[in-house]
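A.B. asks: Pasting a structure here, questions to come.
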There are 4 protein chains.
Amino acid sequence: MKIGILTSGGDCPGLNAVIRGAVLKGIKAYGHTFVGFRDGWRGVVDGEVLELPREKVRGISKQGGTILGTSRTNPFDGPNGGAHNIKMTLVSLGIDALIAIGGEGTLAAAQRLSQEGLKIVGVPKTVDNDLAATDYTFGFDTAVQIATEAIDRLRTTGESHHRCMVAEVMGRHAGWIALHAGMAAGAHAILIPEQPVSAAQIATWVQEAQRRGRAPLVVVAEGFIEQGQEAAHSGRGLDTFGRPRLGGIGEKLAPEIEARTGIETRATVLGHIQRGGVPSAFDRVLATRLGMAAVDSVAHNRWGTMVTLKGTSIESIDFDTALGSLKTVPQERWDEASLLFG
Amino acid sequence: MKIGILTSGGDCPGLNAVIRGAVLKGIKAYGHTFVGFRDGWRGVVDGEVLELPREKVRGISKQGGTILGTSRTNPFDGPNGGAHNIKMTLVSLGIDALIAIGGEGTLAAAQRLSQEGLKIVGVPKTVDNDLAATDYTFGFDTAVQIATEAIDRLRTTGESHHRCMVAEVMGRHAGWIALHAGMAAGAHAILIPEQPVSAAQIATWVQEAQRRGRAPLVVVAEGFIEQGQEAAHSGRGLDTFGRPRLGGIGEKLAPEIEARTGIETRATVLGHIQRGGVPSAFDRVLATRLGMAAVDSVAHNRWGTMVTLKGTSIESIDFDTALGSLKTVPQERWDEASLLFG
Amino acid sequence: MKIGILTSGGDCPGLNAVIRGAVLKGIKAYGHTFVGFRDGWRGVVDGEVLELPREKVRGISKQGGTILGTSRTNPFDGPNGGAHNIKMTLVSLGIDALIAIGGEGTLAAAQRLSQEGLKIVGVPKTVDNDLAATDYTFGFDTAVQIATEAIDRLRTTGESHHRCMVAEVMGRHAGWIALHAGMAAGAHAILIPEQPVSAAQIATWVQEAQRRGRAPLVVVAEGFIEQGQEAAHSGRGLDTFGRPRLGGIGEKLAPEIEARTGIETRATVLGHIQRGGVPSAFDRVLATRLGMAAVDSVAHNRWGTMVTLKGTSIESIDFDTALGSLKTVPQERWDEASLLFG
Amino acid sequence: MKIGILTSGGDCPGLNAVIRGAVLKGIKAYGHTFVGFRDGWRGVVDGEVLELPREKVRGISKQGGTILGTSRTNPFDGPNGGAHNIKMTLVSLGIDALIAIGGEGTLAAAQRLSQEGLKIVGVPKTVDNDLAATDYTFGFDTAVQIATEAIDRLRTTGESHHRCMVAEVMGRHAGWIALHAGMAAGAHAILIPEQPVSAAQIATWVQEAQRRGRAPLVVVAEGFIEQGQEAAHSGRGLDTFGRPRLGGIGEKLAPEIEARTGIETRATVLGHIQRGGVPSAFDRVLATRLGMAAVDSVAHNRWGTMVTLKGTSIESIDFDTALGSLKTVPQERWDEASLLFG
């Protein structure tokens, strides 16, 4: 059996470990051969592949990014896109099945292609950890660890200068990275998209921390919107990918906090460093296991499914069950974390 | 309510985050006060405590070890030990309830004291991850991360010198650290207490890796016993804590591998560096949540229980259900990992 | 003898190691006592000190920031400022000599106070490494290491997405951090204040790297000014500390590069994470030695001098010789580094 | 011009950065071509090379070990060894000059070959930092950083258990790694080959630290010999490389300290993790510059010389001046460090 693998959407620590896990297990347990599509769906649509013999995946599980390249191409766009054309391309390449590694958008495309008869298995990927069907996604642990280390560093500067430090982390629609990095770093306020909070409340937490002699530390997810600012926000329009225009919340909050509290405040946007580089051991293990399980799904003809983590087990779930709802931070996790604010 | 906290047994990254989580939640949510016992059960038996006001736990979640100190004292030993004496001591100190943070031995003692009427809640702690009632214990993730980083370093030396590198990691009765660090680092053989393997098999894996042009990498848990060596092992007697005398497996294996394969082989014992220092973000979050949940258990009079992680939730479980069985690496996890050997 | 220590200006990894080195050597070798001024010159002017017995400096050399606090206060400002008032304050506190740890501004103030009769010894501090009298300043190595690790992470994202990544690092007047982090990370262009370069030249380097199949990587110091933009820059006025308004060069360059090359380009501003947190071993050793040497200078009445690193030795140099000129990146270091561009 | 590069002796972080620096500068500045010899002098003697075009050195400066492999082969041994045979081999391969990267032994061999007419330039390499002609060797900074981080981790275990922790680090003949890592980590005793110290003195330092409430921390170089044990030591004979048999000093010291002080004591041997893995930014910059300078030496016919670091400059020095004496820790550095013991 010849299997094609693709990685799609934003890069994420652990992608290469998924690829390696799938290729090694496929070769050793089932005698499969593998090719990788270049740059996600673009390579599928264009029929551009590279061979993936065992040597090609050697040592890559500790390497960030994806050796296959990635893009945000939609497989239904363009003259060669759509289920029919892709089927023809796969036939001409002699490819029997696809393993698609990607986020909600990639998996939704995989679901649609599957419904139209393609043999596809999915592997969930989102650094933001916002896919509903899995306890954790690989890449999330690495992002939280990098963010936490960076915030630990910001704290000593805040303390030396008696400043309030604001750290903006990833999290467009869900505040998982902010929640975990903020708890790990002992933040005095964590601001997430799920929980609008007023500037007055933020200032209160900052002042409480300062009154106890602390340098206030605020961790904010990029998708956070201040209470009362939703309208202004919605007016900002869409970015080039059709998403609400985000970003800059850290730089916006810092002067507001300074104005309300009188405490000198500085913002740092952690940005792309959260998603690149060497994956944590946790993510390497999780990603390797998911890649191996995806090949098992192929071997058992579990088309239209994706692999997931439940507790400590890797399981399989239908796209139809898995997709459609975002995994946001539930109220009880917010209540738990917010008790420590101020 | 005045609550006494103790940390017992080997130190573990995250102990201080448990203490901080418990103290902050107890103060903020319930108005409790806290004291810490010095050096585990020793401080309980001797009635030696330090006050734990909020300032005392400030910033400690990123600090390795335990601010309370620890020891291997058995609370039933000595003239002041035993349930009756301890009850008297707690009364004299005005302490209403205990939170005991420790491993199987500590929790078994807590169970017995609980049966004799003390108000105790437990928090599971083992760097080896071998407690049955919880998906993961804090400290394990940090240990795996440190071991993985160290093994990544060993690999480049192996490759430059065309050597086989053997890394001995912790894991007396269960091979979790070896399993995870070995998978994360891409080891060509992982040797764990649960799975006796012959020297001949190990040599075969090493030679397979070498034939593919790799520098063979073997990760071995300290408690691993070669197939056929069980008798010799049992003859080694008990250490000062009454445990089978272990250690030195790495140094023992290296010359054996060299003799059987002709490949120059070097062993490194990672040792104590795996259990000290700054906890990973994962462990800080887990430990903080466990500490907070332990205080909830106290507030709800869940005496004789311990807090655990199930999936992404913190739950509560009776000592009687939780204790008594070791969580070893199950066969399917071994099968999954061993497919990648050689 | 009673010695007062102050840390002034921006915080820097290693400040606490200087304090510890001075206090330990002063106590053990000379029997001195120590106090620390709170928040740099502000504490001197206001006479606000904390005692520095041996216990107070315990374990602080691995701690970022400064336990004394810092500020940008000028000791000649305000009703209690100026040499005469400060002398009176020191007399009233029983302080015999000052150790001032700070950058060009702090040391220039120390020089002036010394000329007016105060007993002062200086310790050079600048994360930017731009003080002329010393081979390296502590904090610089840590900043370069943090920046290099972050840039290593950015690279895998650039490669996966076929993007050009721009990393903005510290370096207002001198490009040392950019030079070293850029060389360490293998940047395809390094842009520093000392070497104006045109946008066309930058685009050429980026395109050369891309043509060789690389994801172009540009490291830019915050003080870099594009060739031909000097006038526009000078029009930006001064910031609140009287310095030319800087910052934002990364965000400015990214769209320019994208427009000229057609390569998707993303900027990341590393910002405050470069100056906080645990110092590197190099910086801990250097800072400890400088602190110890500063106390020797006090013991030998070397007033009006500062301690410096020359090769592997700690030496002493007059303020008059040391100050007044910035240590910028010399032409030969630029020639050496720029040969690797493109 | 065609240049052959070899790396010889123990691996060291930064070897690949030297190779990359040399190859890139040679190609870009001089139009040279490069080959690498496999496994040090063995590849020279056997005439076994791999091509080193630009693509081959891509991204390797952050990679530990050496892409060329290494060995301890002596180029004067064997039927194909010796200056005459090597000359013939180089002629047959069309190689005009050699860049030899290695330690005292490698460079002494290079010196002898140079005296016999071969065109050779050396690059000093020793993780132990014990080469006299250079301020620092690459790899040393990485080793010190790794050791310091590991010792920081040991400390929290020591403090939690009230134990004395002994960390054995590299340093066969010179105590540089112990000196720097010990100073950086705040050790209460640093034991180096240059300074025999009695067990009684060590116990005194340990007890002093304990009396101040600290968990005593001892850093010992593998080549340290207790005062009074020199004879016993010399009786241990020579290892397979003709060096005095060393190692195990940590395991030997721990029970001695425990017996003399009554403080539970544990030893950890850091071992091979100190010399592998990703080099520090400092080492990457130093190694890159040395590699580039070695090519300049070739271009200027500086045969029989090696490149060195003096202050912040890369210089060139004759083998005859450079070799023959070990750079040990001087008395003043010992006095400086030992003042902080106890």
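Letters A, B, ... go to the chains of the structure tokens in the order shown; residues in each chain start at 1; ligands are counted from 1 in the same order.
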Which residues of chain D are close to chain B, meaning at most 9 Å apart when you count only C-alpha atoms, and how do they look as a ChimeraX atom specification?
C.D. replies: /D:10-12,39,63-71,149-162,266-278
A.B. asks: Please produce a file of those selected residues containing N, CA and C atoms, as a CSV table (one decimal), in the first residue's frame.
C.D. replies:
chain,number,residue,atom,x,y,z
D,10,GLY,N,38.3,13.6,21.1
D,10,GLY,CA,37.0,13.6,21.6
D,10,GLY,C,36.1,14.6,20.9
D,11,ASP,N,34.8,14.3,20.8
D,11,ASP,CA,33.9,15.3,20.2
D,11,ASP,C,33.7,16.5,21.1
D,12,CYS,N,33.2,17.5,20.6
D,12,CYS,CA,33.2,18.8,21.3
D,12,CYS,C,32.2,19.7,20.6
D,39,ASP,N,36.6,10.5,10.1
D,39,ASP,CA,37.1,10.0,11.4
D,39,ASP,C,38.5,10.4,11.7
D,63,GLN,N,24.6,22.1,15.4
D,63,GLN,CA,24.5,20.7,15.6
D,63,GLN,C,25.8,20.2,16.4
D,64,GLY,N,25.6,19.4,17.4
D,64,GLY,CA,26.7,18.9,18.2
D,64,GLY,C,27.5,17.9,17.4
D,65,GLY,N,28.6,17.5,18.0
D,65,GLY,CA,29.5,16.5,17.4
D,65,GLY,C,30.1,17.0,16.1
D,66,THR,N,30.5,16.1,15.2
D,66,THR,CA,31.2,16.4,14.0
D,66,THR,C,30.6,15.6,12.9
D,67,ILE,N,30.2,16.3,11.8
D,67,ILE,CA,29.7,15.5,10.6
D,67,ILE,C,30.7,14.7,10.0
D,68,LEU,N,32.0,14.9,10.3
D,68,LEU,CA,33.1,14.2,9.6
D,68,LEU,C,33.4,12.9,10.4
D,69,GLY,N,32.9,12.7,11.6
D,69,GLY,CA,33.3,11.6,12.5
D,69,GLY,C,34.7,11.9,13.1
D,70,THR,N,35.0,11.2,14.1
D,70,THR,CA,36.3,11.4,14.7
D,70,THR,C,36.8,10.1,15.3
D,71,SER,N,38.1,10.0,15.6
D,71,SER,CA,38.7,8.8,16.1
D,71,SER,C,40.0,9.3,16.9
D,149,GLU,N,23.8,24.0,34.7
D,149,GLU,CA,22.3,23.7,34.8
D,149,GLU,C,22.1,22.4,35.6
D,150,ALA,N,22.9,21.4,35.4
D,150,ALA,CA,22.7,20.2,36.1
D,150,ALA,C,22.9,20.4,37.6
D,151,ILE,N,24.0,21.1,37.9
D,151,ILE,CA,24.3,21.3,39.3
D,151,ILE,C,23.2,22.2,40.0
D,152,ASP,N,22.6,23.1,39.3
D,152,ASP,CA,21.5,23.9,39.8
D,152,ASP,C,20.4,22.9,40.2
D,153,ARG,N,20.2,21.9,39.4
D,153,ARG,CA,19.1,20.9,39.6
D,153,ARG,C,19.5,20.1,40.9
D,154,LEU,N,20.7,19.7,41.0
D,154,LEU,CA,21.1,18.9,42.1
D,154,LEU,C,20.9,19.6,43.4
D,155,ARG,N,21.1,20.9,43.4
D,155,ARG,CA,21.0,21.7,44.6
D,155,ARG,C,19.6,21.6,45.3
D,156,THR,N,18.6,21.6,44.5
D,156,THR,CA,17.2,21.6,45.1
D,156,THR,C,17.0,20.3,45.8
D,157,THR,N,17.5,19.2,45.2
D,157,THR,CA,17.4,17.9,45.9
D,157,THR,C,18.2,17.9,47.2
D,158,GLY,N,19.4,18.4,47.1
D,158,GLY,CA,20.2,18.5,48.4
D,158,GLY,C,19.5,19.3,49.5
D,159,GLU,N,18.9,20.4,49.1
D,159,GLU,CA,18.2,21.3,50.1
D,159,GLU,C,17.0,20.6,50.7
D,160,SER,N,16.2,19.9,49.8
D,160,SER,CA,15.0,19.2,50.3
D,160,SER,C,15.3,18.1,51.3
D,161,HIS,N,16.5,17.4,51.0
D,161,HIS,CA,16.8,16.2,51.8
D,161,HIS,C,17.9,16.5,52.8
D,162,HIS,N,18.4,17.8,52.9
D,162,HIS,CA,19.5,18.1,53.8
D,162,HIS,C,20.7,17.3,53.5
D,266,ARG,N,25.5,12.3,48.4
D,266,ARG,CA,25.3,11.6,47.1
D,266,ARG,C,26.1,12.2,46.0
D,267,ALA,N,26.7,11.3,45.2
D,267,ALA,CA,27.5,11.8,44.1
D,267,ALA,C,26.7,11.6,42.8
D,268,THR,N,26.9,12.5,41.8
D,268,THR,CA,26.4,12.4,40.5
D,268,THR,C,27.6,12.7,39.5
D,269,VAL,N,27.7,11.8,38.5
D,269,VAL,CA,28.8,11.9,37.5
D,269,VAL,C,28.1,12.4,36.3
D,270,LEU,N,28.4,13.7,35.9
D,270,LEU,CA,27.7,14.3,34.7
D,270,LEU,C,28.1,13.6,33.4
D,271,GLY,N,29.4,13.3,33.3
D,271,GLY,CA,29.8,12.4,32.2
D,271,GLY,C,29.6,13.0,30.8
D,272,HIS,N,29.2,12.2,29.9
D,272,HIS,CA,29.2,12.5,28.4
D,272,HIS,C,28.2,13.6,28.1
D,273,ILE,N,27.2,13.9,28.9
D,273,ILE,CA,26.2,14.9,28.5
D,273,ILE,C,26.9,16.3,28.4
D,274,GLN,N,28.1,16.4,29.1
D,274,GLN,CA,28.8,17.7,29.0
D,274,GLN,C,29.4,18.0,27.6
D,275,ARG,N,29.6,17.0,26.8
D,275,ARG,CA,30.3,17.3,25.6
D,275,ARG,C,29.5,17.1,24.3
D,276,GLY,N,28.2,16.8,24.4
D,276,GLY,CA,27.4,16.6,23.2
D,276,GLY,C,26.3,17.7,23.1
D,277,GLY,N,25.6,17.6,22.0
D,277,GLY,CA,24.4,18.5,21.8
D,277,GLY,C,24.7,19.9,21.3
D,278,VAL,N,23.6,20.6,21.3
D,278,VAL,CA,23.6,22.0,20.7
D,278,VAL,C,24.6,22.9,21.4
A.B. asks: Any idea what's packed within 8 Å of segment 98-100 of chain A, counting only C-alpha atoms, ignoring anything in its chain fewer than 4 positions away? Could you give it as JSON, numbers by chain?
C.D. replies: {"A": [3, 4, 5, 6, 7, 8, 106, 107, 110, 119, 120, 121, 122, 123, 294]}
A.B. asks: For the residues selected in the previous step, produce a file with all heavy atoms as a JSON list (two decimals), in the first residue's frame.
C.D. replies:
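Output contents, as saved in out.json:
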[["chain", "number", "residue", "atom", "x", "y", "z"],
["A", 3, "ILE", "N", 1.03, 5.24, 0.76],
["A", 3, "ILE", "CA", 0.29, 6.24, 1.54],
["A", 3, "ILE", "C", 0.93, 7.61, 1.34],
["A", 3, "ILE", "O", 2.15, 7.75, 1.38],
["A", 3, "ILE", "CB", 0.30, 5.87, 3.04],
["A", 3, "ILE", "CG1", -0.33, 4.48, 3.25],
["A", 3, "ILE", "CG2", -0.41, 6.92, 3.87],
["A", 3, "ILE", "CD1", -0.23, 3.96, 4.67],
["A", 4, "GLY", "N", 0.09, 8.61, 1.13],
["A", 4, "GLY", "CA", 0.57, 9.98, 1.01],
["A", 4, "GLY", "C", 0.28, 10.76, 2.30],
["A", 4, "GLY", "O", -0.80, 10.65, 2.87],
["A", 5, "ILE", "N", 1.28, 11.51, 2.76],
["A", 5, "ILE", "CA", 1.13, 12.29, 3.99],
["A", 5, "ILE", "C", 1.20, 13.77, 3.65],
["A", 5, "ILE", "O", 2.01, 14.17, 2.81],
["A", 5, "ILE", "CB", 2.24, 11.94, 5.01],
["A", 5, "ILE", "CG1", 2.25, 10.44, 5.32],
["A", 5, "ILE", "CG2", 2.10, 12.75, 6.28],
["A", 5, "ILE", "CD1", 3.30, 10.04, 6.35],
["A", 6, "LEU", "N", 0.40, 14.56, 4.31],
["A", 6, "LEU", "CA", 0.51, 16.00, 4.12],
["A", 6, "LEU", "C", 0.37, 16.72, 5.46],
["A", 6, "LEU", "O", -0.30, 16.23, 6.37],
["A", 6, "LEU", "CB", -0.56, 16.51, 3.16],
["A", 6, "LEU", "CG", -2.02, 16.42, 3.62],
["A", 6, "LEU", "CD1", -2.58, 17.80, 3.94],
["A", 6, "LEU", "CD2", -2.84, 15.74, 2.54],
["A", 7, "THR", "N", 1.05, 17.85, 5.57],
["A", 7, "THR", "CA", 0.93, 18.73, 6.75],
["A", 7, "THR", "C", 0.42, 20.07, 6.25],
["A", 7, "THR", "O", 0.97, 20.63, 5.32],
["A", 7, "THR", "CB", 2.29, 18.92, 7.45],
["A", 7, "THR", "OG1", 3.26, 19.38, 6.50],
["A", 7, "THR", "CG2", 2.79, 17.62, 8.07],
["A", 8, "SER", "N", -0.60, 20.57, 6.91],
["A", 8, "SER", "CA", -1.28, 21.74, 6.37],
["A", 8, "SER", "C", -1.54, 22.76, 7.47],
["A", 8, "SER", "O", -1.67, 22.42, 8.64],
["A", 8, "SER", "CB", -2.60, 21.29, 5.74],
["A", 8, "SER", "OG", -3.36, 22.38, 5.31],
["A", 106, "THR", "N", -8.18, 22.00, 7.80],
["A", 106, "THR", "CA", -7.63, 20.86, 7.08],
["A", 106, "THR", "C", -8.50, 19.62, 7.27],
["A", 106, "THR", "O", -8.77, 18.88, 6.32],
["A", 106, "THR", "CB", -6.21, 20.55, 7.61],
["A", 106, "THR", "OG1", -5.39, 21.68, 7.35],
["A", 106, "THR", "CG2", -5.63, 19.31, 6.95],
["A", 107, "LEU", "N", -8.92, 19.41, 8.50],
["A", 107, "LEU", "CA", -9.71, 18.22, 8.79],
["A", 107, "LEU", "C", -11.10, 18.33, 8.20],
["A", 107, "LEU", "O", -11.69, 17.32, 7.75],
["A", 107, "LEU", "CB", -9.76, 17.98, 10.30],
["A", 107, "LEU", "CG", -8.37, 17.74, 10.95],
["A", 107, "LEU", "CD1", -8.50, 17.66, 12.47],
["A", 107, "LEU", "CD2", -7.71, 16.48, 10.40],
["A", 110, "ALA", "N", -10.63, 17.39, 4.76],
["A", 110, "ALA", "CA", -10.44, 15.93, 4.70],
["A", 110, "ALA", "C", -11.79, 15.21, 4.85],
["A", 110, "ALA", "O", -12.05, 14.22, 4.17],
["A", 110, "ALA", "CB", -9.48, 15.49, 5.82],
["A", 119, "LYS", "N", -9.93, 7.93, 0.44],
["A", 119, "LYS", "CA", -9.52, 7.19, 1.64],
["A", 119, "LYS", "C", -8.60, 8.09, 2.46],
["A", 119, "LYS", "O", -7.42, 8.23, 2.14],
["A", 119, "LYS", "CB", -8.82, 5.90, 1.24],
["A", 119, "LYS", "CG", -9.76, 4.91, 0.53],
["A", 119, "LYS", "CD", -9.05, 3.65, 0.11],
["A", 119, "LYS", "CE", -10.06, 2.62, -0.38],
["A", 119, "LYS", "NZ", -9.38, 1.42, -0.92],
["A", 120, "ILE", "N", -9.14, 8.66, 3.51],
["A", 120, "ILE", "CA", -8.38, 9.63, 4.30],
["A", 120, "ILE", "C", -8.49, 9.34, 5.79],
["A", 120, "ILE", "O", -9.57, 9.01, 6.28],
["A", 120, "ILE", "CB", -8.88, 11.08, 4.08],
["A", 120, "ILE", "CG1", -8.86, 11.43, 2.59],
["A", 120, "ILE", "CG2", -8.04, 12.05, 4.86],
["A", 120, "ILE", "CD1", -9.03, 12.91, 2.33],
["A", 121, "VAL", "N", -7.37, 9.51, 6.47],
["A", 121, "VAL", "CA", -7.32, 9.48, 7.93],
["A", 121, "VAL", "C", -6.71, 10.80, 8.37],
["A", 121, "VAL", "O", -5.78, 11.31, 7.73],
["A", 121, "VAL", "CB", -6.48, 8.29, 8.42],
["A", 121, "VAL", "CG1", -6.11, 8.44, 9.89],
["A", 121, "VAL", "CG2", -7.22, 6.98, 8.19],
["A", 122, "GLY", "N", -7.23, 11.38, 9.45],
["A", 122, "GLY", "CA", -6.75, 12.67, 9.91],
["A", 122, "GLY", "C", -5.93, 12.58, 11.19],
["A", 122, "GLY", "O", -6.10, 11.66, 12.00],
["A", 123, "VAL", "N", -5.03, 13.53, 11.36],
["A", 123, "VAL", "CA", -4.30, 13.70, 12.62],
["A", 123, "VAL", "C", -4.49, 15.15, 13.04],
["A", 123, "VAL", "O", -4.12, 16.06, 12.30],
["A", 123, "VAL", "CB", -2.80, 13.37, 12.46],
["A", 123, "VAL", "CG1", -2.06, 13.58, 13.77],
["A", 123, "VAL", "CG2", -2.60, 11.95, 11.95],
["A", 294, "ALA", "N", -2.30, 6.55, 13.28],
["A", 294, "ALA", "CA", -2.91, 6.91, 12.00],
["A", 294, "ALA", "C", -2.69, 5.80, 10.98],
["A", 294, "ALA", "O", -3.57, 5.48, 10.18],
["A", 294, "ALA", "CB", -2.34, 8.24, 11.50]]
A.B. asks: Write out as an NGL selection string all residues of segment 87-315 of chain D that backbone DSSP assigns to helix (DSSP H, G or I).
C.D. replies: :D and (87-93 or 104-115 or 140-161 or 176-185 or 199-211 or 230-234 or 249-261 or 271-274 or 281-299)
A.B. asks: Applying 6 Å and only C-alpha atoms, which residues near Ala254 of chain C remain after dropping the ones on its own chain fewer than 2 positions away? List them as a PyMOL selection string.
C.D. replies: chain C and resi 251-252+256-257+265-267
A.B. asks: So that I have them on file, write out the residues from the current selection with C-alpha atoms, as a CSV table (one decimal), in the first residue's frame.
C.D. replies:
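So the final result, stored in selection-v5.csv, reads:
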chain,number,residue,atom,x,y,z
C,251,GLU,CA,7.9,45.6,11.7
C,252,LYS,CA,9.0,48.3,9.3
C,256,GLU,CA,9.6,46.3,2.7
C,257,ILE,CA,11.3,42.9,2.2
C,265,THR,CA,7.9,37.9,5.5
C,266,ARG,CA,7.2,38.0,9.2
C,267,ALA,CA,8.8,40.0,12.0
A.B. asks: Counting only C-alpha atoms, what is within 6 Å of segment 287-292 of chain B, bar same-chain residues fewer than 6 positions away, as a PyMOL selection string?
C.D. replies: chain B and resi 14+17-18+21-22+25+138
A.B. asks: What's around segment 55-58 of chain D at 9 Å? Count only C-alpha atoms, leave out sequence neighbours fewer than 3 positions away in its own chain, and write the answer as a list in words.
C.D. replies: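 Listed by chain and then number, they are Gly186 and Arg212 of chain C; Asn16, Ala17, Ile19, Arg20, Gly21, Val23, Leu24, Glu51, Leu52, Ser61 and Ile67 of chain D.
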A.B. asks: Kindly export the residues of the current selection with N, CA and C atoms, as a PDB file, in the first residue's frame.
C.D. replies:
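Written file, result_32.pdb:
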ATOM      1  N   GLY C 186      23.263  31.655  12.179  1.00  0.00           N
ATOM      2  CA  GLY C 186      23.455  31.507  10.738  1.00  0.00           C
ATOM      3  C   GLY C 186      22.532  32.393   9.926  1.00  0.00           C
ATOM      4  N   ARG C 212      19.034  29.681  -2.979  1.00  0.00           N
ATOM      5  CA  ARG C 212      19.732  28.465  -2.552  1.00  0.00           C
ATOM      6  C   ARG C 212      18.789  27.519  -1.788  1.00  0.00           C
TER       7      ARG C 212
ATOM      8  N   ASN D  16      31.300  21.413  14.257  1.00  0.00           N
ATOM      9  CA  ASN D  16      30.619  21.638  12.989  1.00  0.00           C
ATOM     10  C   ASN D  16      30.606  23.109  12.595  1.00  0.00           C
ATOM     11  N   ALA D  17      30.586  23.992  13.598  1.00  0.00           N
ATOM     12  CA  ALA D  17      30.624  25.427  13.287  1.00  0.00           C
ATOM     13  C   ALA D  17      31.986  25.814  12.722  1.00  0.00           C
ATOM     14  N   ILE D  19      33.862  23.793  10.904  1.00  0.00           N
ATOM     15  CA  ILE D  19      33.841  23.267   9.530  1.00  0.00           C
ATOM     16  C   ILE D  19      33.039  24.202   8.626  1.00  0.00           C
ATOM     17  N   ARG D  20      31.850  24.595   9.089  1.00  0.00           N
ATOM     18  CA  ARG D  20      31.002  25.484   8.286  1.00  0.00           C
ATOM     19  C   ARG D  20      31.688  26.822   8.033  1.00  0.00           C
ATOM     20  N   GLY D  21      32.287  27.405   9.081  1.00  0.00           N
ATOM     21  CA  GLY D  21      32.963  28.697   8.925  1.00  0.00           C
ATOM     22  C   GLY D  21      34.076  28.614   7.892  1.00  0.00           C
ATOM     23  N   VAL D  23      34.488  26.341   5.435  1.00  0.00           N
ATOM     24  CA  VAL D  23      33.997  26.035   4.084  1.00  0.00           C
ATOM     25  C   VAL D  23      33.345  27.272   3.449  1.00  0.00           C
ATOM     26  N   LEU D  24      32.489  27.964   4.232  1.00  0.00           N
ATOM     27  CA  LEU D  24      31.798  29.119   3.657  1.00  0.00           C
ATOM     28  C   LEU D  24      32.792  30.220   3.287  1.00  0.00           C
ATOM     29  N   GLU D  51      33.009  14.837   0.023  1.00  0.00           N
ATOM     30  CA  GLU D  51      32.978  16.189  -0.535  1.00  0.00           C
ATOM     31  C   GLU D  51      32.293  17.130   0.443  1.00  0.00           C
ATOM     32  N   LEU D  52      32.730  18.364   0.493  1.00  0.00           N
ATOM     33  CA  LEU D  52      32.102  19.367   1.361  1.00  0.00           C
ATOM     34  C   LEU D  52      31.667  20.582   0.550  1.00  0.00           C
ATOM     35  N   SER D  61      25.972  24.549  12.186  1.00  0.00           N
ATOM     36  CA  SER D  61      26.688  25.155  13.316  1.00  0.00           C
ATOM     37  C   SER D  61      25.948  24.941  14.634  1.00  0.00           C
ATOM     38  N   ILE D  67      30.217  16.257  11.781  1.00  0.00           N
ATOM     39  CA  ILE D  67      29.674  15.527  10.630  1.00  0.00           C
ATOM     40  C   ILE D  67      30.748  14.681   9.952  1.00  0.00           C
TER      41      ILE D  67
END
A.B. asks: As a list in words, list the residues of segment 113-248 of chain A assigned to strand (DSSP E or B) by DSSP on the backbone atoms of this structure.
C.D. replies: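 Here are the strand (DSSP E or B) residues of segment 113-248 of chain A: Ile120, Val121, Gly122, Val123, Pro124, Leu131, Cys164, Met165, Val166, Ala167, Glu168, Val169, Ala189, Ile190, Leu191, Leu217, Val218, Val219, Val220, Ala221, Leu238 and Pro244 of chain A.
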A.B. asks: Just how far from atom CA of Val144 of chain A is atom CA of Val144 of chain D, in Å to one decimal?
C.D. replies: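 According to the coordinates, atom CA of Val144 of chain D and atom CA of Val144 of chain A are separated by 27.5 Å.
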A.B. asks: Just the residues within 10 Å of segment 188-196 of chain A, please, counting only C-alpha atoms, with nothing from its chain fewer than 4 positions along; format it as an MDAnalysis selection string.
C.D. replies: chainID A and resid 164 166:169 171:183 201:210 214:230 328:331 334 337:342
A.B. asks: Compile the contact shell of segment 74-85 of chain C as a list of chain:residue names: residues with an atom at most 10 Å away, counting only C-alpha atoms, same-chain residues fewer than 3 positions apart removed.
C.D. replies: C:Ser8, C:Gly9, C:Gly40, C:Trp41, C:Arg42, C:Gly43, C:Val44, C:Val45, C:Asp46, C:Gly47, C:Ser71, C:Met88, C:Thr89, C:Leu90, C:Val91, C:Gly105, C:Thr106, C:Ala109, C:Ala110, C:Arg112, C:Leu113, C:Ser114, C:Gln115, C:Glu116, C:Gly117, C:Leu118
